[in-house]
file entry05.csv (CSV, C-alpha atoms)
chain,number,residue,atom,x,y,z
T,1282,MET,CA,-4.9,-9.8,30.4
T,1283,ARG,CA,-3.2,-12.7,28.6
T,1284,PHE,CA,-3.1,-12.7,24.9
T,1285,ASP,CA,-0.9,-15.1,22.8
T,1286,LEU,CA,0.3,-14.7,19.2
T,1287,THR,CA,-2.6,-16.9,18.0
T,1288,ASP,CA,-5.1,-14.4,19.5
T,1289,LEU,CA,-3.4,-11.4,18.0
T,1290,ARG,CA,-3.1,-13.0,14.6
T,1291,LEU,CA,-6.8,-14.1,14.7
T,1292,PHE,CA,-7.9,-10.6,15.6
T,1293,ALA,CA,-5.9,-9.1,12.7
T,1294,ASN,CA,-7.3,-11.7,10.3
T,1295,VAL,CA,-10.9,-11.0,11.5
T,1296,HIS,CA,-10.4,-7.3,10.7
T,1297,GLN,CA,-8.9,-8.1,7.3
T,1298,ALA,CA,-11.7,-10.4,6.3
T,1299,GLY,CA,-14.5,-8.3,7.8
T,1300,THR,CA,-16.1,-11.4,9.4
T,1301,ILE,CA,-15.3,-13.8,12.2
T,1302,THR,CA,-15.9,-16.7,9.8
T,1303,GLY,CA,-13.4,-15.2,7.3
T,1304,GLY,CA,-10.9,-14.5,10.1
T,1305,ALA,CA,-11.2,-18.1,11.3
T,1306,GLU,CA,-10.5,-19.4,7.8
T,1307,LEU,CA,-7.4,-17.2,7.4
T,1308,SER,CA,-6.2,-18.4,10.8
T,1309,HIS,CA,-6.8,-22.1,9.9
T,1310,MET,CA,-9.2,-22.7,12.8
T,1311,THR,CA,-12.9,-23.5,13.3
T,1312,LEU,CA,-15.5,-20.8,13.6
T,1313,ALA,CA,-16.3,-22.1,17.1
T,1314,SER,CA,-12.7,-21.9,18.2
T,1315,ALA,CA,-12.3,-18.4,16.8
T,1316,SER,CA,-15.5,-17.1,18.4
T,1317,GLU,CA,-14.4,-18.5,21.7
T,1318,ARG,CA,-11.0,-16.8,21.5
T,1319,ILE,CA,-12.6,-13.5,20.6
T,1320,ARG,CA,-15.0,-13.8,23.6
T,1321,ALA,CA,-12.2,-14.7,25.9
T,1322,MET,CA,-10.2,-11.6,24.8
T,1323,GLU,CA,-13.2,-9.4,25.4
T,1324,ASP,CA,-13.9,-11.0,28.8
T,1325,SER,CA,-10.2,-10.5,29.7
T,1326,LEU,CA,-10.3,-6.8,28.8
T,1327,GLY,CA,-13.9,-6.2,30.1
T,1328,VAL,CA,-14.9,-4.3,26.9
T,1329,PRO,CA,-16.2,-5.4,23.5
T,1330,LEU,CA,-13.6,-5.5,20.7
T,1331,LEU,CA,-16.0,-6.0,17.8
T,1332,LYS,CA,-19.3,-4.6,16.8
T,1333,ARG,CA,-21.4,-7.4,15.4
T,1334,GLU,CA,-23.4,-6.3,12.3
T,1335,PRO,CA,-25.6,-8.2,9.9
T,1336,ARG,CA,-23.0,-8.0,7.2
T,1337,GLY,CA,-19.9,-8.6,9.3
T,1338,VAL,CA,-17.9,-7.0,12.2
T,1339,GLN,CA,-16.2,-3.7,12.8
T,1340,PRO,CA,-13.7,-3.0,15.5
T,1341,THR,CA,-14.8,-0.8,18.5
T,1342,PRO,CA,-12.4,1.9,19.7
T,1343,ALA,CA,-10.8,-0.7,22.0
T,1344,GLY,CA,-10.6,-3.1,19.1
T,1345,ARG,CA,-8.8,-0.5,16.9
T,1346,SER,CA,-6.3,0.1,19.7
T,1347,LEU,CA,-5.8,-3.7,20.0
T,1348,LEU,CA,-5.4,-4.0,16.3
T,1349,GLN,CA,-2.6,-1.5,16.1
T,1350,HIS,CA,-0.7,-3.2,18.9
T,1351,ALA,CA,-1.4,-6.7,17.3
T,1352,ARG,CA,0.1,-5.5,14.0
T,1353,THR,CA,3.1,-4.1,15.8
T,1354,VAL,CA,3.8,-7.3,17.7
T,1355,LEU,CA,3.2,-9.6,14.7
T,1356,LEU,CA,5.4,-7.5,12.4
T,1357,GLN,CA,8.2,-7.5,15.1
T,1358,ILE,CA,8.0,-11.3,15.2
T,1359,GLU,CA,8.2,-11.5,11.4
T,1360,ARG,CA,11.2,-9.1,11.4
T,1361,LEU,CA,12.9,-11.2,14.1
T,1362,GLN,CA,12.4,-14.4,12.0
T,1363,ALA,CA,13.6,-12.7,8.8
T,1364,ASP,CA,16.6,-11.1,10.5
T,1365,MET,CA,17.7,-14.4,12.1
T,1366,GLY,CA,17.1,-16.3,8.9
T,1367,GLY,CA,19.1,-13.7,7.0
T,1368,HIS,CA,22.1,-14.1,9.3
T,1369,GLY,CA,22.0,-17.8,8.7
T,1370,ALA,CA,21.9,-17.4,4.9
T,1371,GLY,CA,24.7,-14.8,4.9
T,1372,LEU,CA,22.5,-11.9,3.8
T,1373,HIS,CA,23.1,-8.3,4.9
T,1374,GLY,CA,20.5,-5.5,4.5
T,1375,GLN,CA,16.8,-6.0,4.4
T,1376,VAL,CA,13.9,-3.8,3.0
T,1377,ARG,CA,10.5,-4.1,4.7
T,1378,LEU,CA,8.1,-3.6,1.9
T,1379,LEU,CA,4.3,-3.6,1.9
T,1380,CYS,CA,2.3,-3.4,-1.3
T,1381,ASN,CA,-1.2,-3.9,-2.6
T,1382,THR,CA,-2.4,-6.7,-4.8
T,1383,SER,CA,-2.0,-4.9,-8.1
T,1384,ALA,CA,1.6,-3.8,-7.4
T,1385,MET,CA,2.4,-7.4,-6.3
T,1386,SER,CA,1.1,-9.0,-9.4
T,1387,GLU,CA,1.6,-6.5,-12.2
T,1388,HIS,CA,4.6,-4.2,-11.4
T,1389,LEU,CA,6.9,-5.5,-8.7
T,1390,PRO,CA,8.2,-8.8,-10.2
T,1391,ARG,CA,10.5,-7.1,-12.7
T,1392,VAL,CA,11.5,-4.3,-10.3
T,1393,LEU,CA,12.4,-6.8,-7.6
T,1394,ALA,CA,14.3,-9.1,-10.0
T,1395,GLY,CA,16.5,-6.2,-11.1
T,1396,PHE,CA,17.1,-4.9,-7.5
T,1397,LEU,CA,17.9,-8.3,-6.1
T,1398,ALA,CA,20.2,-9.2,-9.0
T,1399,ALA,CA,22.1,-6.0,-8.7
T,1400,HIS,CA,22.4,-6.4,-4.9
T,1401,PRO,CA,23.2,-10.0,-4.0
T,1402,GLY,CA,23.5,-9.3,-0.3
T,1403,MET,CA,20.1,-7.7,0.0
T,1404,SER,CA,16.8,-9.3,0.9
T,1405,VAL,CA,13.2,-8.0,0.7
T,1406,ASP,CA,10.6,-8.8,3.4
T,1407,LEU,CA,7.5,-8.4,1.2
T,1408,GLU,CA,3.9,-8.6,2.3
T,1409,GLU,CA,0.6,-7.9,0.5
T,1410,ARG,CA,-1.8,-5.6,2.3
T,1411,PRO,CA,-4.7,-3.3,1.5
T,1412,SER,CA,-3.6,0.3,0.7
T,1413,GLU,CA,-5.2,1.8,3.9
T,1414,ASP,CA,-3.3,-0.7,6.0
T,1415,ILE,CA,-0.1,0.1,4.2
T,1416,ALA,CA,-0.5,3.8,5.1
T,1417,ASP,CA,-1.2,3.0,8.7
T,1418,ALA,CA,1.8,0.7,8.9
T,1419,LEU,CA,4.1,3.4,7.5
T,1420,ARG,CA,2.8,6.0,10.0
T,1421,ASN,CA,3.5,3.5,12.8
T,1422,ASP,CA,7.0,2.6,11.6
T,1423,LEU,CA,6.0,-1.0,10.8
T,1424,CYS,CA,7.6,-1.0,7.3
T,1425,ASP,CA,10.2,0.9,5.4
T,1426,VAL,CA,8.5,1.4,2.0
T,1427,GLY,CA,4.9,1.1,0.8
T,1428,LEU,CA,3.4,0.8,-2.6
T,1429,ALA,CA,-0.3,1.7,-2.5
T,1430,SER,CA,-3.2,3.2,-4.3
T,1431,ASP,CA,-3.5,7.0,-4.2
T,1432,ALA,CA,-7.2,6.5,-3.4
T,1433,ALA,CA,-6.3,5.6,0.2
T,1434,ASP,CA,-5.8,8.2,2.9
T,1435,LEU,CA,-2.1,9.0,2.6
T,1436,ALA,CA,-2.1,12.1,4.8
T,1437,GLY,CA,1.3,12.7,6.5
T,1438,LEU,CA,3.2,10.5,4.1
T,1439,GLN,CA,5.7,11.3,1.3
T,1440,VAL,CA,4.1,10.2,-2.0
T,1441,HIS,CA,5.7,9.7,-5.3
T,1442,ALA,CA,3.6,8.7,-8.4
T,1443,LEU,CA,4.6,5.5,-10.0
T,1444,TRP,CA,2.1,3.9,-12.5
T,1445,PRO,CA,-1.5,4.5,-13.5
T,1446,ASP,CA,-3.6,1.7,-12.1
T,1447,PRO,CA,-7.4,2.3,-12.6
T,1448,LEU,CA,-9.8,-0.5,-11.8
T,1449,VAL,CA,-12.3,-1.7,-14.5
T,1450,LEU,CA,-15.1,-4.2,-14.8
T,1451,VAL,CA,-14.4,-7.1,-17.2
T,1452,VAL,CA,-17.4,-8.7,-18.9
T,1453,PRO,CA,-17.7,-11.4,-21.5
T,1454,ARG,CA,-17.6,-10.2,-25.1
T,1455,GLY,CA,-21.0,-9.2,-26.2
T,1456,HIS,CA,-22.3,-8.7,-22.7
T,1457,ALA,CA,-25.2,-6.2,-22.3
T,1458,TRP,CA,-22.8,-3.8,-20.4
T,1459,ALA,CA,-20.0,-4.0,-22.9
T,1460,GLY,CA,-21.0,-0.8,-24.7
T,1461,ARG,CA,-21.5,1.3,-21.6
T,1462,THR,CA,-19.2,4.1,-20.6
T,1463,GLY,CA,-19.3,3.1,-16.9
T,1464,VAL,CA,-21.0,1.1,-14.2
T,1465,THR,CA,-21.2,1.7,-10.4
T,1466,LEU,CA,-20.2,-0.7,-7.7
T,1467,ALA,CA,-23.9,-0.8,-6.6
T,1468,GLU,CA,-24.8,-2.2,-10.0
T,1469,VAL,CA,-21.9,-4.7,-9.9
T,1470,ALA,CA,-23.0,-5.9,-6.5
T,1471,ASP,CA,-26.2,-7.3,-8.1
T,1472,ALA,CA,-24.2,-9.5,-10.4
T,1473,PRO,CA,-22.5,-12.8,-9.7
T,1474,LEU,CA,-18.7,-12.2,-9.6
T,1475,VAL,CA,-15.4,-14.0,-10.2
T,1476,GLY,CA,-12.8,-12.6,-7.8
T,1477,LEU,CA,-9.5,-13.2,-6.0
T,1478,ALA,CA,-9.1,-15.3,-2.8
T,1479,GLU,CA,-10.7,-14.0,0.3
T,1480,HIS,CA,-7.4,-13.5,2.0
T,1481,SER,CA,-6.1,-11.2,-0.7
T,1482,ALA,CA,-5.6,-7.5,-0.1
T,1483,PHE,CA,-7.5,-6.8,-3.3
T,1484,HIS,CA,-10.6,-8.7,-2.1
T,1485,ALA,CA,-10.5,-6.8,1.2
T,1486,HIS,CA,-10.2,-3.5,-0.7
T,1487,LEU,CA,-13.4,-4.2,-2.7
T,1488,ALA,CA,-15.3,-5.6,0.3
T,1489,GLN,CA,-14.5,-2.4,2.2
T,1490,HIS,CA,-16.0,-0.2,-0.5
T,1491,ALA,CA,-19.0,-2.4,-0.8
T,1492,ARG,CA,-19.7,-2.2,2.9
T,1493,ARG,CA,-19.5,1.6,2.7
T,1494,ILE,CA,-22.6,1.6,0.4
T,1495,GLY,CA,-24.3,-1.1,2.5
T,1496,ARG,CA,-23.8,-3.9,0.0
T,1497,ARG,CA,-22.0,-7.3,-0.1
T,1498,LEU,CA,-20.3,-8.7,-3.2
T,1499,VAL,CA,-21.3,-12.2,-4.1
T,1500,TYR,CA,-18.7,-14.5,-5.7
T,1501,ARG,CA,-19.3,-17.7,-7.6
T,1502,VAL,CA,-15.6,-18.6,-7.4
T,1503,ARG,CA,-12.4,-17.1,-6.0
T,1504,LEU,CA,-9.1,-17.6,-7.7
T,1505,ARG,CA,-5.4,-16.8,-7.2
T,1506,SER,CA,-4.6,-14.5,-10.1
T,1507,PHE,CA,-6.1,-11.7,-12.1
T,1508,GLU,CA,-5.4,-13.7,-15.3
T,1509,SER,CA,-7.6,-16.6,-14.0
T,1510,VAL,CA,-10.4,-14.2,-13.2
T,1511,CYS,CA,-10.3,-12.9,-16.8
T,1512,ARG,CA,-10.4,-16.4,-18.2
T,1513,LEU,CA,-13.5,-17.4,-16.2
T,1514,VAL,CA,-15.2,-14.1,-17.0
T,1515,GLY,CA,-14.6,-14.8,-20.7
T,1516,ALA,CA,-16.2,-18.2,-20.2
T,1517,GLY,CA,-19.4,-16.6,-19.0
T,1518,ILE,CA,-19.0,-17.6,-15.3
T,1519,GLY,CA,-19.5,-14.1,-13.9
T,1520,LEU,CA,-18.1,-10.6,-14.0
T,1521,GLY,CA,-14.8,-9.4,-12.5
T,1522,ILE,CA,-13.0,-6.3,-11.2
T,1523,VAL,CA,-9.3,-6.1,-12.2
T,1524,PRO,CA,-6.7,-3.4,-12.9
T,1525,ARG,CA,-7.0,-2.0,-16.4
T,1526,SER,CA,-3.5,-3.2,-17.3
T,1527,VAL,CA,-4.6,-6.8,-16.7
T,1528,ALA,CA,-7.8,-6.3,-18.7
T,1529,GLN,CA,-5.9,-4.9,-21.7
T,1530,ARG,CA,-3.3,-7.7,-21.6
T,1531,CYS,CA,-5.9,-10.5,-21.3
T,1532,ALA,CA,-8.6,-9.1,-23.5
T,1533,ARG,CA,-8.0,-11.1,-26.6
T,1534,GLN,CA,-6.9,-14.4,-25.1
T,1535,ALA,CA,-9.5,-14.5,-22.4
T,1536,GLY,CA,-12.4,-13.1,-24.5
T,1537,VAL,CA,-13.3,-10.2,-22.2
T,1538,GLN,CA,-14.2,-6.5,-22.7
T,1539,ARG,CA,-13.6,-3.8,-20.1
T,1540,VAL,CA,-16.0,-1.2,-18.7
T,1541,ALA,CA,-15.0,1.7,-16.6
T,1542,LEU,CA,-16.0,1.7,-12.9
T,1543,ALA,CA,-17.8,4.9,-12.3
T,1544,GLU,CA,-16.3,5.3,-8.8
T,1545,THR,CA,-13.7,8.0,-7.7
T,1546,TRP,CA,-11.7,5.4,-5.8
T,1547,ALA,CA,-11.4,3.3,-9.0
T,1548,ALA,CA,-9.6,6.0,-10.9
T,1549,ARG,CA,-6.3,5.5,-9.1
T,1550,GLN,CA,-2.6,5.2,-9.6
T,1551,LEU,CA,0.0,3.3,-7.7
T,1552,VAL,CA,2.3,5.5,-5.6
T,1553,LEU,CA,5.5,5.0,-3.6
T,1554,CYS,CA,4.9,6.0,0.1
T,1555,LEU,CA,7.4,6.8,2.7
T,1556,ARG,CA,6.9,8.1,6.3
T,1557,ASP,CA,7.4,11.9,6.4
T,1558,GLY,CA,10.8,12.7,7.9
T,1559,GLN,CA,11.8,9.0,7.8
T,1560,ALA,CA,15.5,8.1,7.9
T,1561,LEU,CA,15.8,5.1,5.6
T,1562,GLY,CA,18.4,2.5,6.1
T,1563,PRO,CA,21.0,1.8,3.3
T,1564,ALA,CA,19.0,-1.1,1.9
T,1565,ALA,CA,15.8,0.8,1.7
T,1566,GLN,CA,17.5,3.8,0.2
T,1567,LEU,CA,18.9,1.6,-2.6
T,1568,PHE,CA,15.5,0.1,-3.2
T,1569,VAL,CA,13.8,3.5,-3.5
T,1570,GLN,CA,16.5,4.7,-5.9
T,1571,HIS,CA,16.1,1.6,-8.0
T,1572,LEU,CA,12.3,1.9,-8.0
T,1573,LEU,CA,12.3,5.5,-9.1
T,1574,GLN,CA,14.9,4.8,-11.8
T,1575,HIS,CA,12.7,2.0,-13.1
T,1576,ARG,CA,9.7,4.3,-13.2
T,1577,THR,CA,11.7,6.9,-15.1
T,1578,ALA,CA,13.0,4.3,-17.6
T,1579,ALA,CA,9.5,2.9,-18.1
T,1580,ALA,CA,8.1,6.3,-18.9
T,1581,ARG,CA,10.5,6.9,-21.8

call {"tool": "encode", "arguments": {"input": "entry05.csv", "output": "structure tokens"}}
result
Amino acid sequence: MRFDLTDLRLFANVHQAGTITGGAELSHMTLASASERIRAMEDSLGVPLLKREPRGVQPTPAGRSLLQHARTVLLQIERLQADMGGHGAGLHGQVRLLCNTSAMSEHLPRVLAGFLAAHPGMSVDLEERPSEDIADALRNDLCDVGLASDAADLAGLQVHALWPDPLVLVVPRGHAWAGRTGVTLAEVADAPLVGLAEHSAFHAHLAQHARRIGRRLVYRVRLRSFESVCRLVGAGIGLGIVPRSVAQRCARQAGVQRVALAETWAARQLVLCLRDGQALGPAAQLFVQHLLQHRTAAAR
């Protein structure tokens, strides 16, 4: 059995994208090359790693085991690079932080700016992941702190509520759905959508819920920010799913109206997650204290 880092990164990307095609794109390789690498991994192990389905792929039990090991190895490599780079830059103390797309775009920038300004010797190793992956990473000691949606399975973790973060559908002003009290994801799946880039954790989160109801979301265009999604929705290009805070902020300028998503997983809030019984390092302790103080100040 001989796997290299490219194999492991490809397999993790295929799982994130839900398709071999998407995993190949995230790995910056051709579909033929990605398919050949996956087949070679399966031949080396003598067991299938992926279940090929009409709408994508799912890991087999062996694939799930490989995925856990792949994430461990890749994160250790990232930590090695970050630690060595930190020594070269004269930094001391690092926080390994995973967060979902909404936290990354809406809430973290001000929190991080305050923390890093107050602690010049600290660095933050930040990565965007789907909330389910963040929970798994914490359980496997692959990060110090997680910011995730409470709609994920957070069993076995310490959870501290941070900010309300429900998801809503944004539609152009005057759209036929604008007056409705709620729409389901199944209804949304029949409409052309404007969304975030395929490699984003937010896209993976929505795609996962769509697969659970046997549907596939169809996008006319993918963009890099929620604000851009709202602007194109307002221009009549399609519909979009964004955090409510984004829809409220962009409503007037982008020309959109929001409609509630009638799904239990959409009525969510962002939470701080820590591994139960975890002994945080000094840098992570300082960051958690800063985050909880910021939450308290914002609530006043």

call {"tool": "atom_distance", "arguments": {"input": "entry05.csv", "atom1": "CA of Ala1478 (chain T)", "atom2": "CA of Ala1442 (chain T)"}}
result
27.7 Å

call {"tool": "closest_residue", "arguments": {"input": "entry05.csv", "among": "T:Ser1412, T:Ser1404, T:Leu1423, T:Gly1437", "to": "Gln1357 (chain T)", "atoms": "all atoms listed in the file"}}
result
T:Leu1423

call {"tool": "closest_residue", "arguments": {"input": "entry05.csv", "among": "T:Arg1501, T:Arg1556, T:Arg1352, T:Arg1493", "to": "Leu1438 (chain T)", "atoms": "only C-alpha atoms"}}
result
T:Arg1556

call {"tool": "residues_around", "arguments": {"input": "entry05.csv", "residues": "region 1315-1324 of chain T", "least_positions_apart": "5", "cutoff": "12 Å", "atoms": "all atoms listed in the file", "output": "PyMOL selection string"}}
result
chain T and resi 1282-1296+1300-1310+1329-1333+1338+1340-1341+1343-1344+1347

call {"tool": "write_last_selection", "arguments": {"input": "entry05.csv", "atoms": "C-alpha atoms", "output": "PDB file, in the frame of the given file"}}
result
ATOM      1  CA  MET T1282      -4.900  -9.800  30.400  1.00  0.00           C
ATOM      2  CA  ARG T1283      -3.200 -12.700  28.600  1.00  0.00           C
ATOM      3  CA  PHE T1284      -3.100 -12.700  24.900  1.00  0.00           C
ATOM      4  CA  ASP T1285      -0.900 -15.100  22.800  1.00  0.00           C
ATOM      5  CA  LEU T1286       0.300 -14.700  19.200  1.00  0.00           C
ATOM      6  CA  THR T1287      -2.600 -16.900  18.000  1.00  0.00           C
ATOM      7  CA  ASP T1288      -5.100 -14.400  19.500  1.00  0.00           C
ATOM      8  CA  LEU T1289      -3.400 -11.400  18.000  1.00  0.00           C
ATOM      9  CA  ARG T1290      -3.100 -13.000  14.600  1.00  0.00           C
ATOM     10  CA  LEU T1291      -6.800 -14.100  14.700  1.00  0.00           C
ATOM     11  CA  PHE T1292      -7.900 -10.600  15.600  1.00  0.00           C
ATOM     12  CA  ALA T1293      -5.900  -9.100  12.700  1.00  0.00           C
ATOM     13  CA  ASN T1294      -7.300 -11.700  10.300  1.00  0.00           C
ATOM     14  CA  VAL T1295     -10.900 -11.000  11.500  1.00  0.00           C
ATOM     15  CA  HIS T1296     -10.400  -7.300  10.700  1.00  0.00           C
ATOM     16  CA  THR T1300     -16.100 -11.400   9.400  1.00  0.00           C
ATOM     17  CA  ILE T1301     -15.300 -13.800  12.200  1.00  0.00           C
ATOM     18  CA  THR T1302     -15.900 -16.700   9.800  1.00  0.00           C
ATOM     19  CA  GLY T1303     -13.400 -15.200   7.300  1.00  0.00           C
ATOM     20  CA  GLY T1304     -10.900 -14.500  10.100  1.00  0.00           C
ATOM     21  CA  ALA T1305     -11.200 -18.100  11.300  1.00  0.00           C
ATOM     22  CA  GLU T1306     -10.500 -19.400   7.800  1.00  0.00           C
ATOM     23  CA  LEU T1307      -7.400 -17.200   7.400  1.00  0.00           C
ATOM     24  CA  SER T1308      -6.200 -18.400  10.800  1.00  0.00           C
ATOM     25  CA  HIS T1309      -6.800 -22.100   9.900  1.00  0.00           C
ATOM     26  CA  MET T1310      -9.200 -22.700  12.800  1.00  0.00           C
ATOM     27  CA  PRO T1329     -16.200  -5.400  23.500  1.00  0.00           C
ATOM     28  CA  LEU T1330     -13.600  -5.500  20.700  1.00  0.00           C
ATOM     29  CA  LEU T1331     -16.000  -6.000  17.800  1.00  0.00           C
ATOM     30  CA  LYS T1332     -19.300  -4.600  16.800  1.00  0.00           C
ATOM     31  CA  ARG T1333     -21.400  -7.400  15.400  1.00  0.00           C
ATOM     32  CA  VAL T1338     -17.900  -7.000  12.200  1.00  0.00           C
ATOM     33  CA  PRO T1340     -13.700  -3.000  15.500  1.00  0.00           C
ATOM     34  CA  THR T1341     -14.800  -0.800  18.500  1.00  0.00           C
ATOM     35  CA  ALA T1343     -10.800  -0.700  22.000  1.00  0.00           C
ATOM     36  CA  GLY T1344     -10.600  -3.100  19.100  1.00  0.00           C
ATOM     37  CA  LEU T1347      -5.800  -3.700  20.000  1.00  0.00           C
TER      38      LEU T1347
END

call {"tool": "closest_residue", "arguments": {"input": "entry05.csv", "among": "T:Gly1395, T:Pro1524, T:Gly1427, T:Gly1463", "to": "Val1376 (chain T)", "atoms": "all atoms listed in the file"}}
result
T:Gly1427

call {"tool": "closest_atom_pairs", "arguments": {"input": "entry05.csv", "of": "region 1287-1403 of chain T", "to": "region 1484-1492 of chain T", "cutoff": "10 Å", "atoms": "only C-alpha atoms", "output": "CSV"}}
result
residue,atom,partner,partner_atom,distance
T:His1296,CA,T:Ala1485,CA,9.5
T:Gln1297,CA,T:Ala1485,CA,6.4
T:Ala1298,CA,T:Ala1485,CA,6.4
T:Gly1299,CA,T:Ala1485,CA,7.9
T:Arg1336,CA,T:Arg1492,CA,7.9
T:Gly1337,CA,T:Arg1492,CA,9.1
T:Asn1381,CA,T:His1486,CA,9.2
T:Thr1382,CA,T:His1484,CA,8.9

call {"tool": "write_last_selection", "arguments": {"input": "entry05.csv", "atoms": "C-alpha atoms", "output": "PDB file, in the coordinates of the input"}}
result
ATOM      1  CA  HIS T1296     -10.400  -7.300  10.700  1.00  0.00           C
ATOM      2  CA  GLN T1297      -8.900  -8.100   7.300  1.00  0.00           C
ATOM      3  CA  ALA T1298     -11.700 -10.400   6.300  1.00  0.00           C
ATOM      4  CA  GLY T1299     -14.500  -8.300   7.800  1.00  0.00           C
ATOM      5  CA  ARG T1336     -23.000  -8.000   7.200  1.00  0.00           C
ATOM      6  CA  GLY T1337     -19.900  -8.600   9.300  1.00  0.00           C
ATOM      7  CA  ASN T1381      -1.200  -3.900  -2.600  1.00  0.00           C
ATOM      8  CA  THR T1382      -2.400  -6.700  -4.800  1.00  0.00           C
TER       9      THR T1382
END

call {"tool": "closest_residue", "arguments": {"input": "entry05.csv", "among": "T:Ala1418, T:Leu1389, T:Val1510, T:Leu1542", "to": "Val1464 (chain T)", "atoms": "all atoms listed in the file"}}
result
T:Leu1542

call {"tool": "atom_distance", "arguments": {"input": "entry05.csv", "atom1": "CA of Val1451 (chain T)", "atom2": "CA of Ala1543 (chain T)"}}
result
13.4 Å

call {"tool": "closest_residue", "arguments": {"input": "entry05.csv", "among": "T:Ser1383, T:Ser1481, T:Asn1421, T:Thr1545", "to": "Val1527 (chain T)", "atoms": "all atoms listed in the file"}}
result
T:Ser1383

call {"tool": "decode", "arguments": {"input": "entry05.csv", "residues": "region 1516-1539 of chain T", "atoms": "C-alpha atoms", "output": "compact mmCIF listing (two decimals), in the first residue's frame"}}
result
# COMPACT_ATOMS: atom_id res chain seq x y z
CA ALA T 1516 -30.68 41.27 -10.96
CA GLY T 1517 -33.01 38.32 -11.66
CA ILE T 1518 -30.31 35.73 -12.46
CA GLY T 1519 -31.63 33.13 -10.02
CA LEU T 1520 -32.43 32.47 -6.37
CA GLY T 1521 -29.94 32.11 -3.54
CA ILE T 1522 -29.53 30.69 -0.03
CA VAL T 1523 -27.60 32.88 2.42
CA PRO T 1524 -27.45 33.61 6.16
CA ARG T 1525 -30.25 35.91 7.30
CA SER T 1526 -27.76 38.52 8.48
CA VAL T 1527 -26.45 38.83 4.91
CA ALA T 1528 -29.95 39.08 3.46
CA GLN T 1529 -30.85 41.84 5.91
CA ARG T 1530 -27.68 43.79 5.23
CA CYS T 1531 -27.90 43.50 1.43
CA ALA T 1532 -31.69 43.79 0.99
CA ARG T 1533 -31.91 47.43 -0.07
CA GLN T 1534 -28.71 47.73 -2.09
CA ALA T 1535 -29.06 44.38 -3.88
CA GLY T 1536 -32.83 44.55 -4.36
CA VAL T 1537 -33.69 41.23 -2.72
CA GLN T 1538 -36.32 39.94 -0.33
CA ARG T 1539 -35.89 37.04 2.04
